[in-house]
file query.pdb (PDB, C-alpha atoms and all ligand atoms)
ATOM      1  CA  MET X   1     143.873  72.334 103.614  1.00  0.00           C
ATOM      2  CA  LYS X   2     142.768  71.390 107.109  1.00  0.00           C
ATOM      3  CA  TYR X   3     145.309  71.375 109.900  1.00  0.00           C
ATOM      4  CA  TRP X   4     145.165  71.268 113.670  1.00  0.00           C
ATOM      5  CA  ILE X   5     147.172  73.408 116.056  1.00  0.00           C
ATOM      6  CA  ILE X   6     148.600  71.739 119.149  1.00  0.00           C
ATOM      7  CA  HIS X   7     150.153  73.659 122.033  1.00  0.00           C
ATOM      8  CA  VAL X   8     153.431  71.990 123.099  1.00  0.00           C
ATOM      9  CA  PRO X   9     155.123  74.040 125.858  1.00  0.00           C
ATOM     10  CA  LEU X  10     158.258  71.863 125.798  1.00  0.00           C
ATOM     11  CA  LEU X  11     158.834  72.379 122.076  1.00  0.00           C
ATOM     12  CA  PRO X  12     162.459  73.531 121.590  1.00  0.00           C
ATOM     13  CA  VAL X  13     161.441  75.855 118.724  1.00  0.00           C
ATOM     14  CA  SER X  14     158.591  78.365 118.181  1.00  0.00           C
ATOM     15  CA  GLY X  15     156.718  76.150 115.765  1.00  0.00           C
ATOM     16  CA  MET X  16     156.932  72.861 113.926  1.00  0.00           C
ATOM     17  CA  ALA X  17     154.842  71.239 111.217  1.00  0.00           C
ATOM     18  CA  VAL X  18     154.135  67.536 111.584  1.00  0.00           C
ATOM     19  CA  PHE X  19     151.364  66.689 109.138  1.00  0.00           C
ATOM     20  CA  PRO X  20     148.483  67.280 109.795  1.00  0.00           C
ATOM     21  CA  PHE X  21     149.459  69.280 112.884  1.00  0.00           C
ATOM     22  CA  ILE X  22     151.163  72.563 113.597  1.00  0.00           C
ATOM     23  CA  LEU X  23     152.885  72.425 116.971  1.00  0.00           C
ATOM     24  CA  LEU X  24     153.332  75.758 118.726  1.00  0.00           C
ATOM     25  CA  LYS X  25     155.429  76.475 121.820  1.00  0.00           C
ATOM     26  CA  HIS X  26     153.135  79.277 123.014  1.00  0.00           C
ATOM     27  CA  LYS X  27     149.357  79.498 122.525  1.00  0.00           C
ATOM     28  CA  ASN X  28     149.517  83.157 121.479  1.00  0.00           C
ATOM     29  CA  TYR X  29     151.656  82.220 118.451  1.00  0.00           C
ATOM     30  CA  GLN X  30     148.336  81.215 116.841  1.00  0.00           C
ATOM     31  CA  THR X  31     147.878  84.864 115.925  1.00  0.00           C
ATOM     32  CA  ASP X  32     151.352  85.114 114.318  1.00  0.00           C
ATOM     33  CA  GLU X  33     150.291  84.962 110.670  1.00  0.00           C
ATOM     34  CA  VAL X  34     153.848  84.722 109.342  1.00  0.00           C
ATOM     35  CA  LEU X  35     154.735  81.810 111.657  1.00  0.00           C
ATOM     36  CA  ILE X  36     151.500  79.980 110.804  1.00  0.00           C
ATOM     37  CA  ASN X  37     152.096  80.610 107.090  1.00  0.00           C
ATOM     38  CA  HIS X  38     155.659  79.283 107.468  1.00  0.00           C
ATOM     39  CA  GLU X  39     154.393  76.071 109.046  1.00  0.00           C
ATOM     40  CA  ARG X  40     151.593  75.737 106.475  1.00  0.00           C
ATOM     41  CA  ILE X  41     154.209  75.914 103.712  1.00  0.00           C
ATOM     42  CA  HIS X  42     155.935  72.959 105.414  1.00  0.00           C
ATOM     43  CA  LEU X  43     152.622  71.077 105.604  1.00  0.00           C
ATOM     44  CA  ARG X  44     152.195  71.589 101.848  1.00  0.00           C
ATOM     45  CA  GLN X  45     155.739  70.360 101.226  1.00  0.00           C
ATOM     46  CA  GLN X  46     155.047  67.306 103.373  1.00  0.00           C
ATOM     47  CA  ILE X  47     151.819  66.410 101.562  1.00  0.00           C
ATOM     48  CA  GLU X  48     153.331  66.717  98.098  1.00  0.00           C
ATOM     49  CA  MET X  49     156.274  64.518  99.138  1.00  0.00           C
ATOM     50  CA  LEU X  50     153.928  61.945 100.686  1.00  0.00           C
ATOM     51  CA  ILE X  51     154.989  62.815 104.238  1.00  0.00           C
ATOM     52  CA  LEU X  52     157.724  60.330 105.183  1.00  0.00           C
ATOM     53  CA  PRO X  53     160.164  61.052 102.306  1.00  0.00           C
ATOM     54  CA  PHE X  54     159.910  64.729 103.302  1.00  0.00           C
ATOM     55  CA  TYR X  55     161.366  64.048 106.738  1.00  0.00           C
ATOM     56  CA  MET X  56     164.157  61.914 105.259  1.00  0.00           C
ATOM     57  CA  ALA X  57     165.026  64.543 102.638  1.00  0.00           C
ATOM     58  CA  TYR X  58     164.879  67.261 105.304  1.00  0.00           C
ATOM     59  CA  LEU X  59     167.297  65.379 107.571  1.00  0.00           C
ATOM     60  CA  ILE X  60     169.687  64.404 104.753  1.00  0.00           C
ATOM     61  CA  ASN X  61     169.724  68.000 103.483  1.00  0.00           C
ATOM     62  CA  TYR X  62     170.523  69.201 107.008  1.00  0.00           C
ATOM     63  CA  LEU X  63     173.382  66.709 107.433  1.00  0.00           C
ATOM     64  CA  ILE X  64     174.893  67.634 104.052  1.00  0.00           C
ATOM     65  CA  ASN X  65     174.626  71.309 105.044  1.00  0.00           C
ATOM     66  CA  LEU X  66     176.321  70.568 108.348  1.00  0.00           C
ATOM     67  CA  LEU X  67     179.325  69.145 106.505  1.00  0.00           C
ATOM     68  CA  ARG X  68     179.325  72.206 104.277  1.00  0.00           C
ATOM     69  CA  TYR X  69     178.717  75.010 106.794  1.00  0.00           C
ATOM     70  CA  LYS X  70     179.858  73.369 110.074  1.00  0.00           C
ATOM     71  CA  ASN X  71     177.231  75.491 111.822  1.00  0.00           C
ATOM     72  CA  HIS X  72     173.798  74.335 113.058  1.00  0.00           C
ATOM     73  CA  TYR X  73     171.833  77.498 112.354  1.00  0.00           C
ATOM     74  CA  LYS X  74     173.254  78.067 108.895  1.00  0.00           C
ATOM     75  CA  SER X  75     172.694  74.397 108.044  1.00  0.00           C
ATOM     76  CA  TYR X  76     169.081  74.637 109.239  1.00  0.00           C
ATOM     77  CA  VAL X  77     168.099  77.828 107.393  1.00  0.00           C
ATOM     78  CA  ASN X  78     169.663  76.453 104.204  1.00  0.00           C
ATOM     79  CA  ILE X  79     167.641  73.238 104.134  1.00  0.00           C
ATOM     80  CA  VAL X  80     165.853  73.700 100.812  1.00  0.00           C
ATOM     81  CA  PHE X  81     162.425  73.425 102.486  1.00  0.00           C
ATOM     82  CA  GLU X  82     163.390  76.128 104.987  1.00  0.00           C
ATOM     83  CA  ARG X  83     164.720  78.335 102.211  1.00  0.00           C
ATOM     84  CA  GLU X  84     161.302  78.258 100.567  1.00  0.00           C
ATOM     85  CA  ALA X  85     159.423  78.721 103.850  1.00  0.00           C
ATOM     86  CA  PHE X  86     161.620  81.575 105.135  1.00  0.00           C
ATOM     87  CA  SER X  87     161.633  83.278 101.726  1.00  0.00           C
ATOM     88  CA  MET X  88     157.873  83.127 101.265  1.00  0.00           C
ATOM     89  CA  ASP X  89     156.286  83.103 104.749  1.00  0.00           C
ATOM     90  CA  LYS X  90     155.694  86.877 104.756  1.00  0.00           C
ATOM     91  CA  ASN X  91     153.639  86.501 101.580  1.00  0.00           C
ATOM     92  CA  LEU X  92     150.340  85.384 103.105  1.00  0.00           C
ATOM     93  CA  ALA X  93     148.853  84.694  99.654  1.00  0.00           C
ATOM     94  CA  TYR X  94     151.771  82.459  98.637  1.00  0.00           C
ATOM     95  CA  LEU X  95     150.088  79.094  99.175  1.00  0.00           C
ATOM     96  CA  ARG X  96     147.106  80.167  97.046  1.00  0.00           C
ATOM     97  CA  ASN X  97     149.250  80.326  93.901  1.00  0.00           C
ATOM     98  CA  ARG X  98     152.180  78.090  94.762  1.00  0.00           C
ATOM     99  CA  LYS X  99     152.997  75.440  92.184  1.00  0.00           C
ATOM    100  CA  PHE X 100     153.680  71.769  92.957  1.00  0.00           C
ATOM    101  CA  TRP X 101     157.210  71.088  94.312  1.00  0.00           C
ATOM    102  CA  SER X 102     158.093  74.786  94.256  1.00  0.00           C
ATOM    103  CA  TRP X 103     160.795  74.114  96.862  1.00  0.00           C
ATOM    104  CA  ILE X 104     163.008  72.780  94.027  1.00  0.00           C
ATOM    105  CA  GLN X 105     163.600  76.351  92.834  1.00  0.00           C
ATOM    106  CA  PHE X 106     165.244  77.116  96.178  1.00  0.00           C
ATOM    107  CA  PHE X 107     168.235  74.842  95.591  1.00  0.00           C
ATOM    108  CA  ARG X 108     169.670  77.811  93.725  1.00  0.00           C
ATOM    109  CA  THR X 109     169.227  80.290  96.546  1.00  0.00           C
ATOM    110  CA  HIS X 110     171.395  80.671  99.613  1.00  0.00           C
ATOM    111  CA  ARG X 111     170.642  82.150 103.017  1.00  0.00           C
ATOM    112  CA  GLY X 112     173.415  83.852 104.954  1.00  0.00           C
ATOM    113  CA  LEU X 113     173.522  84.129 108.738  1.00  0.00           C
TER     114      LEU X 113
HETATM  115 ZN    ZN I 201     160.648  76.011 108.874  1.00  0.00          ZN
END
call {"tool": "encode", "arguments": {"input": "query.pdb", "output": "structure tokens", "more": "lines below"}}
Ligand SMILES: [Zn+2]
result
Amino acid sequence: MKYWIIHVPLLPVSGMAVFPFILLKHKNYQTDEVLINHERIHLRQQIEMLILPFYMAYLINYLINLLRYKNHYKSYVNIVFEREAFSMDKNLAYLRNRKFWSWIQFFRTHRGL
């Protein structure tokens, strides 16, 4: 899958996937294989959800989590798409064998602080 990396110094986070781009706060993050893999997992999630519904589901999941956890960070890391990405980003071969809509399996998992 082709993607383009864009350097965005004002980005409030290290990296962000906005199909078909990966935005990075610092240029040298390009060599961070785990970060790039994390963002590529998000690109895959976005494609298989036809892009726009991904962002809506991501936001709704975050808001539901915020009601549940009353904590930004915990709500963010427990968005189902983040659960998959954080759980699998260290496995650099993950996207090679990942099945369609694999993020669904991560509704059952939970990430602590
Ligand atoms: Zn993420």
call {"tool": "closest_residue", "arguments": {"input": "query.pdb", "among": "X:Phe86, X:Tyr55, X:Trp4, X:Phe21", "to": "ligand ZN 201 (chain I)", "atoms": "all atoms listed in the file"}}
result
X:Phe86
call {"tool": "atom_distance", "arguments": {"input": "query.pdb", "atom1": "CA of Tyr62 in chain X", "atom2": "CA of Arg83 in chain X"}}
result
11.8 Å
call {"tool": "residues_around", "arguments": {"input": "query.pdb", "residues": "Tyr3 in chain X", "least_positions_apart": "6", "cutoff": "12 Å", "atoms": "all atoms listed in the file", "output": "list in words"}}
result
Ala17, Val18, Phe19, Pro20, Phe21, Ile22, Leu23, Ile36, Asn37, Glu39, Arg40, Ile41, His42, Leu43, Arg44 and Ile47 of chain X
call {"tool": "atom_distance", "arguments": {"input": "query.pdb", "atom1": "CA of Gln45 in chain X", "atom2": "CA of Leu11 in chain X"}}
result
21.2 Å
call {"tool": "closest_residue", "arguments": {"input": "query.pdb", "among": "X:Ile6, X:Leu35, X:Leu52, X:Leu67", "to": "ligand ZN 201 (chain I)", "atoms": "all atoms listed in the file"}}
result
X:Leu35
call {"tool": "atom_distance", "arguments": {"input": "query.pdb", "atom1": "CA of Pro12 in chain X", "atom2": "CA of Trp101 in chain X"}}
result
27.9 Å
call {"tool": "resolve_selection", "arguments": {"input": "query.pdb", "expression": "the PyMOL selection byres (((chain X and resi 103-111) around 10) and not hetatm)", "output": "number ranges by chain"}}
result
X: 41-42, 45, 74-87, 98-102, 112-113
call {"tool": "closest_residue", "arguments": {"input": "query.pdb", "among": "X:Leu50, X:Ala93, X:Ile5, X:Val13", "to": "ligand ZN 201 (chain I)", "atoms": "all atoms listed in the file"}}
result
X:Val13
call {"tool": "closest_residue", "arguments": {"input": "query.pdb", "among": "X:Met16, X:Ile51, X:Leu24, X:Met88", "to": "ligand ZN 201 (chain I)", "atoms": "all atoms listed in the file"}}
result
X:Met16
call {"tool": "closest_residue", "arguments": {"input": "query.pdb", "among": "X:Val34, X:Ile60, X:Val8, X:Met1", "to": "ligand ZN 201 (chain I)", "atoms": "only C-alpha atoms and all ligand atoms"}}
result
X:Val34
call {"tool": "axis_aligned_box", "arguments": {"input": "query.pdb", "around": "range 81-90 of chain X", "padding_each_side": "8 Å", "output": "AutoDock Vina command-line options"}}
result
--center_x 160.2 --center_y 80.2 --center_z 102.9 --size_x 25.0 --size_y 29.5 --size_z 20.6
call {"tool": "resolve_selection", "arguments": {"input": "query.pdb", "expression": "the PyMOL selection byres (((chain X and resi 26) around 8) and not hetatm)", "output": "PyMOL selection string"}}
result
chain X and resi 7-9+14+24-25+27-29
call {"tool": "build_atoms", "arguments": {"input": "query.pdb", "residues": "range 20-35 of chain X", "atoms": "N, CA and C atoms", "output": "short mmCIF file (atom, residue, chain, number, x, y, z; two decimals), keeping the file's coordinate frame"}}
result
data_model
loop_
_atom_site.label_atom_id
_atom_site.label_comp_id
_atom_site.auth_asym_id
_atom_site.auth_seq_id
_atom_site.Cartn_x
_atom_site.Cartn_y
_atom_site.Cartn_z
N PRO X 20 149.22 66.07 110.17
CA PRO X 20 148.48 67.28 109.80
C PRO X 20 148.42 68.32 110.92
N PHE X 21 149.47 68.38 111.72
CA PHE X 21 149.46 69.28 112.88
C PHE X 21 150.49 70.39 112.76
N ILE X 22 150.18 71.52 113.37
CA ILE X 22 151.16 72.56 113.60
C ILE X 22 151.36 72.64 115.10
N LEU X 23 152.58 72.36 115.55
CA LEU X 23 152.88 72.42 116.97
C LEU X 23 153.41 73.82 117.28
N LEU X 24 152.89 74.42 118.33
CA LEU X 24 153.33 75.76 118.73
C LEU X 24 153.78 75.75 120.19
N LYS X 25 154.90 76.41 120.45
CA LYS X 25 155.43 76.47 121.82
C LYS X 25 154.52 77.30 122.72
N HIS X 26 154.01 78.42 122.22
CA HIS X 26 153.14 79.28 123.01
C HIS X 26 151.79 79.44 122.31
N LYS X 27 150.71 79.39 123.10
CA LYS X 27 149.36 79.50 122.52
C LYS X 27 149.18 80.77 121.71
N ASN X 28 149.76 81.89 122.18
CA ASN X 28 149.52 83.16 121.48
C ASN X 28 150.22 83.23 120.12
N TYR X 29 151.05 82.25 119.79
CA TYR X 29 151.66 82.22 118.45
C TYR X 29 150.60 81.94 117.37
N GLN X 30 149.41 81.49 117.81
CA GLN X 30 148.34 81.22 116.84
C GLN X 30 147.98 82.45 116.03
N THR X 31 148.24 83.62 116.62
CA THR X 31 147.88 84.86 115.92
C THR X 31 149.05 85.39 115.08
N ASP X 32 150.18 84.71 115.11
CA ASP X 32 151.35 85.11 114.32
C ASP X 32 151.18 84.57 112.89
N GLU X 33 150.65 85.42 112.03
CA GLU X 33 150.29 84.96 110.67
C GLU X 33 151.49 84.48 109.87
N VAL X 34 152.64 85.12 110.09
CA VAL X 34 153.85 84.72 109.34
C VAL X 34 154.32 83.34 109.81
N LEU X 35 154.33 83.12 111.12
CA LEU X 35 154.74 81.81 111.66
C LEU X 35 153.78 80.71 111.17
#
